Structure formats: structure tokens, C-alpha cells
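Next up, structure_33.pdb (PDB, C-alpha atoms):
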ATOM      1  CA  MET A   1      59.083 104.958 -64.498  1.00  0.00           C
ATOM      2  CA  ASN A   2      59.442 101.854 -62.329  1.00  0.00           C
ATOM      3  CA  TRP A   3      62.617 101.024 -60.397  1.00  0.00           C
ATOM      4  CA  ILE A   4      63.624  98.062 -62.593  1.00  0.00           C
ATOM      5  CA  ASN A   5      63.715 100.330 -65.646  1.00  0.00           C
ATOM      6  CA  THR A   6      65.824 102.925 -63.854  1.00  0.00           C
ATOM      7  CA  THR A   7      68.591 100.372 -63.289  1.00  0.00           C
ATOM      8  CA  GLU A   8      68.663  99.403 -66.969  1.00  0.00           C
ATOM      9  CA  PRO A   9      71.577 100.739 -69.064  1.00  0.00           C
ATOM     10  CA  ARG A  10      70.982 103.904 -71.097  1.00  0.00           C
ATOM     11  CA  LYS A  11      71.118 101.862 -74.322  1.00  0.00           C
ATOM     12  CA  LYS A  12      67.971 100.092 -73.128  1.00  0.00           C
ATOM     13  CA  ARG A  13      66.325 103.452 -72.275  1.00  0.00           C
ATOM     14  CA  GLY A  14      67.089 103.202 -68.561  1.00  0.00           C
ATOM     15  CA  LEU A  15      68.790 105.694 -66.255  1.00  0.00           C
ATOM     16  CA  ASN A  16      71.703 103.371 -65.404  1.00  0.00           C
ATOM     17  CA  THR A  17      71.274 103.935 -61.661  1.00  0.00           C
ATOM     18  CA  PRO A  18      73.034 101.503 -59.351  1.00  0.00           C
ATOM     19  CA  ASP A  19      70.993  98.580 -58.057  1.00  0.00           C
ATOM     20  CA  ILE A  20      70.875  99.387 -54.330  1.00  0.00           C
ATOM     21  CA  LYS A  21      69.608  95.931 -53.314  1.00  0.00           C
ATOM     22  CA  ALA A  22      72.486  94.245 -55.137  1.00  0.00           C
ATOM     23  CA  GLN A  23      74.982  96.614 -53.498  1.00  0.00           C
ATOM     24  CA  VAL A  24      73.578  95.949 -50.005  1.00  0.00           C
ATOM     25  CA  LYS A  25      73.752  92.194 -50.650  1.00  0.00           C
ATOM     26  CA  ALA A  26      77.366  92.560 -51.817  1.00  0.00           C
ATOM     27  CA  ILE A  27      78.271  94.495 -48.663  1.00  0.00           C
ATOM     28  CA  GLN A  28      76.676  91.812 -46.481  1.00  0.00           C
ATOM     29  CA  ILE A  29      78.620  89.113 -48.303  1.00  0.00           C
ATOM     30  CA  MET A  30      81.854  91.100 -47.812  1.00  0.00           C
ATOM     31  CA  TRP A  31      81.150  91.287 -44.052  1.00  0.00           C
ATOM     32  CA  LEU A  32      80.770  87.521 -44.026  1.00  0.00           C
ATOM     33  CA  LYS A  33      83.969  87.120 -46.052  1.00  0.00           C
ATOM     34  CA  LYS A  34      85.911  89.214 -43.522  1.00  0.00           C
ATOM     35  CA  TYR A  35      84.316  87.291 -40.668  1.00  0.00           C
ATOM     36  CA  LEU A  36      85.444  83.980 -42.193  1.00  0.00           C
ATOM     37  CA  ALA A  37      88.984  85.103 -43.021  1.00  0.00           C
ATOM     38  CA  PRO A  38      91.906  83.254 -41.363  1.00  0.00           C
ATOM     39  CA  PRO A  39      92.502  84.521 -37.786  1.00  0.00           C
ATOM     40  CA  GLN A  40      95.627  86.534 -38.689  1.00  0.00           C
ATOM     41  CA  LYS A  41      93.694  88.436 -41.385  1.00  0.00           C
ATOM     42  CA  ARG A  42      90.488  89.100 -39.442  1.00  0.00           C
ATOM     43  CA  PRO A  43      89.572  92.646 -38.412  1.00  0.00           C
ATOM     44  CA  LEU A  44      89.176  93.281 -34.665  1.00  0.00           C
ATOM     45  CA  TRP A  45      85.380  93.529 -34.896  1.00  0.00           C
ATOM     46  CA  VAL A  46      85.260  89.787 -35.725  1.00  0.00           C
ATOM     47  CA  PHE A  47      86.583  88.815 -32.287  1.00  0.00           C
ATOM     48  CA  VAL A  48      83.973  90.997 -30.567  1.00  0.00           C
ATOM     49  CA  THR A  49      81.272  89.572 -32.834  1.00  0.00           C
ATOM     50  CA  ASN A  50      82.319  86.025 -31.902  1.00  0.00           C
ATOM     51  CA  GLN A  51      81.839  86.781 -28.210  1.00  0.00           C
ATOM     52  CA  ILE A  52      78.357  88.193 -28.891  1.00  0.00           C
ATOM     53  CA  VAL A  53      77.427  85.177 -31.031  1.00  0.00           C
ATOM     54  CA  PHE A  54      78.686  82.752 -28.351  1.00  0.00           C
ATOM     55  CA  LYS A  55      76.716  84.595 -25.665  1.00  0.00           C
ATOM     56  CA  PHE A  56      73.449  84.259 -27.570  1.00  0.00           C
ATOM     57  CA  ALA A  57      73.783  80.637 -28.664  1.00  0.00           C
ATOM     58  CA  GLN A  58      70.400  78.993 -28.709  1.00  0.00           C
ATOM     59  CA  LYS A  59      69.214  77.166 -25.639  1.00  0.00           C
ATOM     60  CA  ALA A  60      68.033  73.966 -27.373  1.00  0.00           C
ATOM     61  CA  PRO A  61      69.868  71.804 -28.021  1.00  0.00           C
ATOM     62  CA  VAL A  62      71.896  72.857 -25.014  1.00  0.00           C
ATOM     63  CA  VAL A  63      75.304  74.118 -26.095  1.00  0.00           C
ATOM     64  CA  LYS A  64      77.675  74.627 -23.183  1.00  0.00           C
ATOM     65  CA  GLY A  65      80.069  77.584 -23.439  1.00  0.00           C
ATOM     66  CA  ARG A  66      83.214  75.469 -23.738  1.00  0.00           C
ATOM     67  CA  ASN A  67      81.646  73.566 -26.680  1.00  0.00           C
ATOM     68  CA  LYS A  68      80.900  76.676 -28.735  1.00  0.00           C
ATOM     69  CA  ILE A  69      83.780  76.816 -31.145  1.00  0.00           C
ATOM     70  CA  ASN A  70      82.312  78.116 -34.400  1.00  0.00           C
ATOM     71  CA  TRP A  71      78.691  78.528 -35.558  1.00  0.00           C
ATOM     72  CA  ILE A  72      79.648  77.592 -39.106  1.00  0.00           C
ATOM     73  CA  LEU A  73      81.407  74.380 -38.079  1.00  0.00           C
ATOM     74  CA  GLN A  74      78.709  73.421 -35.617  1.00  0.00           C
ATOM     75  CA  SER A  75      74.943  73.050 -35.801  1.00  0.00           C
ATOM     76  CA  TRP A  76      73.905  75.706 -33.289  1.00  0.00           C
ATOM     77  CA  ASP A  77      72.546  79.150 -34.088  1.00  0.00           C
ATOM     78  CA  ILE A  78      71.870  82.351 -32.160  1.00  0.00           C
ATOM     79  CA  SER A  79      68.583  83.443 -30.637  1.00  0.00           C
ATOM     80  CA  GLU A  80      67.177  86.360 -28.697  1.00  0.00           C
ATOM     81  CA  THR A  81      67.179  86.081 -24.926  1.00  0.00           C
ATOM     82  CA  LYS A  82      65.836  88.043 -21.990  1.00  0.00           C
ATOM     83  CA  GLU A  83      69.357  89.323 -21.311  1.00  0.00           C
ATOM     84  CA  GLY A  84      69.444  91.349 -24.498  1.00  0.00           C
ATOM     85  CA  LYS A  85      69.128  91.463 -28.223  1.00  0.00           C
ATOM     86  CA  VAL A  86      71.584  90.400 -30.848  1.00  0.00           C
ATOM     87  CA  PRO A  87      72.729  93.436 -32.857  1.00  0.00           C
ATOM     88  CA  SER A  88      71.050  93.619 -36.259  1.00  0.00           C
ATOM     89  CA  TYR A  89      74.345  93.629 -38.188  1.00  0.00           C
ATOM     90  CA  ILE A  90      75.241  90.244 -36.649  1.00  0.00           C
ATOM     91  CA  LYS A  91      71.800  88.778 -37.358  1.00  0.00           C
ATOM     92  CA  THR A  92      72.021  90.004 -40.950  1.00  0.00           C
ATOM     93  CA  MET A  93      75.491  88.524 -41.440  1.00  0.00           C
ATOM     94  CA  LEU A  94      74.423  85.155 -40.023  1.00  0.00           C
ATOM     95  CA  LYS A  95      71.246  85.201 -42.125  1.00  0.00           C
ATOM     96  CA  VAL A  96      73.312  85.796 -45.268  1.00  0.00           C
ATOM     97  CA  GLY A  97      75.596  82.915 -44.277  1.00  0.00           C
ATOM     98  CA  ARG A  98      72.644  80.576 -43.793  1.00  0.00           C
ATOM     99  CA  LYS A  99      70.883  81.818 -46.951  1.00  0.00           C
ATOM    100  CA  TYR A 100      73.876  81.037 -49.141  1.00  0.00           C
ATOM    101  CA  ASN A 101      74.633  77.850 -47.181  1.00  0.00           C
ATOM    102  CA  VAL A 102      78.082  79.029 -46.103  1.00  0.00           C
ATOM    103  CA  GLY A 103      80.161  76.298 -44.567  1.00  0.00           C
ATOM    104  CA  TYR A 104      83.328  74.315 -44.857  1.00  0.00           C
ATOM    105  CA  ASP A 105      83.537  71.499 -47.362  1.00  0.00           C
ATOM    106  CA  MET A 106      84.866  68.596 -45.344  1.00  0.00           C
ATOM    107  CA  ILE A 107      84.944  66.332 -48.384  1.00  0.00           C
ATOM    108  CA  SER A 108      88.030  68.172 -49.609  1.00  0.00           C
ATOM    109  CA  ALA A 109      89.593  68.712 -46.190  1.00  0.00           C
ATOM    110  CA  GLY A 110      92.698  66.754 -45.350  1.00  0.00           C
ATOM    111  CA  LYS A 111      93.194  64.598 -42.287  1.00  0.00           C
ATOM    112  CA  THR A 112      94.870  67.419 -40.354  1.00  0.00           C
ATOM    113  CA  GLN A 113      91.958  69.813 -40.909  1.00  0.00           C
ATOM    114  CA  ARG A 114      89.408  67.101 -40.157  1.00  0.00           C
ATOM    115  CA  ARG A 115      91.082  66.355 -36.801  1.00  0.00           C
ATOM    116  CA  LYS A 116      90.744  70.037 -35.835  1.00  0.00           C
ATOM    117  CA  MET A 117      86.969  70.097 -36.456  1.00  0.00           C
ATOM    118  CA  PRO A 118      84.805  70.418 -33.336  1.00  0.00           C
ATOM    119  CA  ILE A 119      83.151  67.149 -32.394  1.00  0.00           C
ATOM    120  CA  TRP A 120      80.225  68.559 -30.411  1.00  0.00           C
ATOM    121  CA  HIS A 121      77.304  69.819 -32.524  1.00  0.00           C
ATOM    122  CA  HIS A 122      79.215  68.854 -35.682  1.00  0.00           C
ATOM    123  CA  ILE A 123      77.538  70.225 -38.837  1.00  0.00           C
ATOM    124  CA  GLY A 124      77.631  66.863 -40.595  1.00  0.00           C
ATOM    125  CA  VAL A 125      75.683  65.019 -37.900  1.00  0.00           C
ATOM    126  CA  LEU A 126      71.918  65.105 -38.255  1.00  0.00           C
ATOM    127  CA  ASP A 127      71.161  63.104 -35.083  1.00  0.00           C
ATOM    128  CA  ASN A 128      72.609  65.090 -32.192  1.00  0.00           C
ATOM    129  CA  TYR A 129      70.889  63.062 -29.463  1.00  0.00           C
ATOM    130  CA  SER A 130      74.269  61.832 -28.158  1.00  0.00           C
ATOM    131  CA  TRP A 131      75.640  65.290 -27.341  1.00  0.00           C
ATOM    132  CA  ASN A 132      73.745  65.692 -24.057  1.00  0.00           C
ATOM    133  CA  LYS A 133      74.015  62.167 -22.669  1.00  0.00           C
ATOM    134  CA  THR A 134      75.737  61.724 -19.311  1.00  0.00           C
ATOM    135  CA  LEU A 135      78.638  59.896 -20.973  1.00  0.00           C
ATOM    136  CA  ALA A 136      79.047  62.707 -23.509  1.00  0.00           C
ATOM    137  CA  ILE A 137      79.312  65.139 -20.612  1.00  0.00           C
ATOM    138  CA  CYS A 138      81.983  62.859 -19.130  1.00  0.00           C
ATOM    139  CA  LEU A 139      83.840  62.898 -22.465  1.00  0.00           C
ATOM    140  CA  ARG A 140      83.729  66.713 -22.492  1.00  0.00           C
ATOM    141  CA  LEU A 141      84.546  67.411 -18.844  1.00  0.00           C
ATOM    142  CA  THR A 142      86.629  64.474 -17.598  1.00  0.00           C
ATOM    143  CA  HIS A 143      88.423  63.539 -20.784  1.00  0.00           C
ATOM    144  CA  LYS A 144      88.611  67.117 -22.186  1.00  0.00           C
ATOM    145  CA  ILE A 145      87.440  66.121 -25.680  1.00  0.00           C
ATOM    146  CA  LYS A 146      86.665  69.042 -28.009  1.00  0.00           C
ATOM    147  CA  THR A 147      87.726  67.997 -31.505  1.00  0.00           C
ATOM    148  CA  ILE A 148      87.535  64.971 -33.788  1.00  0.00           C
ATOM    149  CA  GLY A 149      91.266  64.454 -33.188  1.00  0.00           C
ATOM    150  CA  ASP A 150      90.736  64.373 -29.414  1.00  0.00           C
ATOM    151  CA  LEU A 151      88.019  61.743 -29.851  1.00  0.00           C
ATOM    152  CA  GLU A 152      90.136  59.629 -32.224  1.00  0.00           C
ATOM    153  CA  ASP A 153      93.061  59.707 -29.775  1.00  0.00           C
ATOM    154  CA  PHE A 154      90.751  58.770 -26.898  1.00  0.00           C
ATOM    155  CA  ILE A 155      89.399  55.753 -28.807  1.00  0.00           C
ATOM    156  CA  GLU A 156      92.917  54.612 -29.819  1.00  0.00           C
ATOM    157  CA  LYS A 157      94.229  54.791 -26.231  1.00  0.00           C
ATOM    158  CA  GLY A 158      91.880  52.034 -25.141  1.00  0.00           C
ATOM    159  CA  ASN A 159      91.034  54.006 -22.005  1.00  0.00           C
ATOM    160  CA  SER A 160      89.671  52.154 -18.970  1.00  0.00           C
ATOM    161  CA  HIS A 161      86.378  54.087 -19.241  1.00  0.00           C
ATOM    162  CA  TRP A 162      84.853  51.536 -21.620  1.00  0.00           C
ATOM    163  CA  HIS A 163      81.373  53.115 -21.449  1.00  0.00           C
ATOM    164  CA  CYS A 164      82.803  56.456 -22.585  1.00  0.00           C
ATOM    165  CA  ARG A 165      84.874  54.754 -25.278  1.00  0.00           C
ATOM    166  CA  ARG A 166      81.796  52.954 -26.615  1.00  0.00           C
ATOM    167  CA  LEU A 167      79.884  56.260 -26.894  1.00  0.00           C
ATOM    168  CA  ALA A 168      82.970  57.850 -28.477  1.00  0.00           C
ATOM    169  CA  GLN A 169      82.945  55.135 -31.156  1.00  0.00           C
ATOM    170  CA  LYS A 170      79.219  55.678 -31.788  1.00  0.00           C
ATOM    171  CA  ILE A 171      79.786  59.423 -32.152  1.00  0.00           C
ATOM    172  CA  MET A 172      82.679  58.831 -34.568  1.00  0.00           C
ATOM    173  CA  GLU A 173      80.438  56.610 -36.706  1.00  0.00           C
ATOM    174  CA  LYS A 174      78.050  59.551 -37.143  1.00  0.00           C
ATOM    175  CA  ILE A 175      80.755  61.914 -38.422  1.00  0.00           C
ATOM    176  CA  PRO A 176      80.905  61.988 -42.234  1.00  0.00           C
ATOM    177  CA  ILE A 177      84.280  61.054 -43.667  1.00  0.00           C
TER     178      ILE A 177
END

For the file at hand, write its structure as C-alpha cells.
Amino acid sequence: MNWINTTEPRKKRGLNTPDIKAQVKAIQIMWLKKYLAPPQKRPLWVFVTNQIVFKFAQKAPVVKGRNKINWILQSWDISETKEGKVPSYIKTMLKVGRKYNVGYDMISAGKTQRRKMPIWHHIGVLDNYSWNKTLAICLRLTHKIKTIGDLEDFIEKGNSHWHCRRLAQKIMEKIPI
């Protein structure tokens, strides 16, 4: 008897055994659900997992440590390095997230949530050439810009760094509304 027939209900002449693959997939999705829960509802393992994910962020495009806010909100991923391997449970969870295209729907997000989104390696921007320009580094380090709200405030101030402000405006044009 093949495996597909064993999972069929008894009425269809099967053995009604549980579908192990479906159960494993459900468990993986539940891990991801717990990982994505609001901070006050997250289990402690999520905070450890975040540190591991941040440590193994891919090298290209270059993602500086202070710019790694959330792999779901940003376009970077993890990779293996010489320093060590990413635990398989983390790789599996991230793979499930990518497979089912897990992300935040910014179309329905309000202005407050949009302002809190990370600006660097934003998931909605396909052309990330601007992130590693000298002026972008100035925006990150000198002007301490991390979020869309920070960038909007910087542009509104009319800061004396007109070169930085011009790049800030170009970056804002790339962000989907």
C-alpha cells in the first residue's frame, strides 16, 4: 500500500494515518507565527534567534549591523560564513517565510506604521544602489537616519547638507506609498 492511500480516510479504504509532511509544515508555520508575534507576546527564543539572524546577514549588498532591523521588513537574507553555520531550525523557519512570501502589507499600513518602517534595504525598493553611496553613509552615521519617519523629518527640516537632502529625496521617491 502506498503512503498516499494510508492517509486516506477509512471510508475510502485508507488507514487514516496522519499526514506527517502536513504536520511538519504546520509546525514550521507555527514557529514563524511565534517569531512574528508582537514583541510583548514573543517567546524568549525569538530574541536569541534575532541575534543569530543579524550575525549571519549576507555580505552583499553590504548591510551594516546598525541597519539590520528586521529581515522581513528589509531585503537582506542570511548566509553561511566561515565563522559558523546558521542553525537548521532558523534556516527552515526563514525558508518557510520566503516560500509563503511572508511580509507586511504596507498598502494597508497607516502613516504611523509607515514612518516606523526601516529605510535601509526597504522591502519595497527594487533598486538598492543608493544604500551604499557615500551620502547614504552620511545619512546613516551623521544624521542618524534609520526609519522612513527619520528621513521624512530630515527632508522637512531643510538641513544645510543639501547633497544629503537631495539623496534623501531620491530615496523617498523609491519607497512605495

Return as an mmCIF file with C-alpha atoms, in the coordinates of the input the set of residues that the PyMOL selection byres ((chain A and resi 152) around 12) yields on the displayed structure.
data_model
loop_
_atom_site.group_PDB
_atom_site.id
_atom_site.type_symbol
_atom_site.label_atom_id
_atom_site.label_comp_id
_atom_site.auth_asym_id
_atom_site.auth_seq_id
_atom_site.Cartn_x
_atom_site.Cartn_y
_atom_site.Cartn_z
ATOM 1 C CA LYS A 111 93.194 64.598 -42.287
ATOM 2 C CA ARG A 114 89.408 67.101 -40.157
ATOM 3 C CA ARG A 115 91.082 66.355 -36.801
ATOM 4 C CA LYS A 116 90.744 70.037 -35.835
ATOM 5 C CA MET A 117 86.969 70.097 -36.456
ATOM 6 C CA ILE A 119 83.151 67.149 -32.394
ATOM 7 C CA ILE A 145 87.440 66.121 -25.680
ATOM 8 C CA LYS A 146 86.665 69.042 -28.009
ATOM 9 C CA THR A 147 87.726 67.997 -31.505
ATOM 10 C CA ILE A 148 87.535 64.971 -33.788
ATOM 11 C CA GLY A 149 91.266 64.454 -33.188
ATOM 12 C CA ASP A 150 90.736 64.373 -29.414
ATOM 13 C CA LEU A 151 88.019 61.743 -29.851
ATOM 14 C CA ASP A 153 93.061 59.707 -29.775
ATOM 15 C CA PHE A 154 90.751 58.770 -26.898
ATOM 16 C CA ILE A 155 89.399 55.753 -28.807
ATOM 17 C CA GLU A 156 92.917 54.612 -29.819
ATOM 18 C CA LYS A 157 94.229 54.791 -26.231
ATOM 19 C CA GLY A 158 91.880 52.034 -25.141
ATOM 20 C CA ASN A 159 91.034 54.006 -22.005
ATOM 21 C CA ARG A 165 84.874 54.754 -25.278
ATOM 22 C CA ALA A 168 82.970 57.850 -28.477
ATOM 23 C CA GLN A 169 82.945 55.135 -31.156
ATOM 24 C CA LYS A 170 79.219 55.678 -31.788
ATOM 25 C CA ILE A 171 79.786 59.423 -32.152
ATOM 26 C CA MET A 172 82.679 58.831 -34.568
ATOM 27 C CA GLU A 173 80.438 56.610 -36.706
ATOM 28 C CA ILE A 175 80.755 61.914 -38.422
#

Tell me which protein, DNA and RNA residues are within 7 Å of stretch 93-98 of chain A, counting all atoms listed in the file, leaving out same-chain ones fewer than 3 positions away, and put them as a compact mmCIF listing (two decimals) with C-alpha atoms, in the frame of the given file.
# COMPACT_ATOMS: atom_id res chain seq x y z
CA GLN A 28 76.68 91.81 -46.48
CA ILE A 29 78.62 89.11 -48.30
CA TRP A 31 81.15 91.29 -44.05
CA LEU A 32 80.77 87.52 -44.03
CA TYR A 89 74.34 93.63 -38.19
CA ILE A 90 75.24 90.24 -36.65
CA ASN A 101 74.63 77.85 -47.18
CA VAL A 102 78.08 79.03 -46.10

Exercise for the section: Using atom CA of A:Thr142 and atom CA of A:Cys164 as the two end points, give the distance in Å to one decimal. Expected result: 10.2 Å

Exercise for the section: Go through A:Leu36, A:Val125, A:Leu141, A:Val48 and flag the residue nearest A:Pro87, using only C-alpha atoms for the distances. Expected result: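 Residue with the minimum atom-to-atom distance to A:Pro87: A:Val48.
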
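The coordinates place atom CA of A:Tyr100 at 28.6 Å from atom CA of A:Asn2.
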
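Using only C-alpha atoms for every distance, the candidate list A:Lys91, A:Ala37, A:Lys21, A:Pro9 yields A:Lys91 as the residue closest to A:Val53.
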
Handout entry: Of the listed residues A:Leu139, A:Pro18, A:Leu44, A:Lys174, that which approaches A:Trp162 most closely, counting only C-alpha atoms
Key =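 Closest residue, counting only C-alpha atoms: A:Leu139.
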
Practice task
Rounded to one decimal place, report the atom CA of A:Ala22-atom CA of A:Thr6 distance in Å.
Solution key: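 Going from atom CA of A:Ala22 over to atom CA of A:Thr6, I get 14.0 Å.
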
Exercise for the section: Find, counting only C-alpha atoms, the residue in A:Leu15, A:Met30, A:Leu167, A:Ile20 that gets nearest to A:Leu135. Expected result: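 Result for the nearest residue to A:Leu135: A:Leu167.
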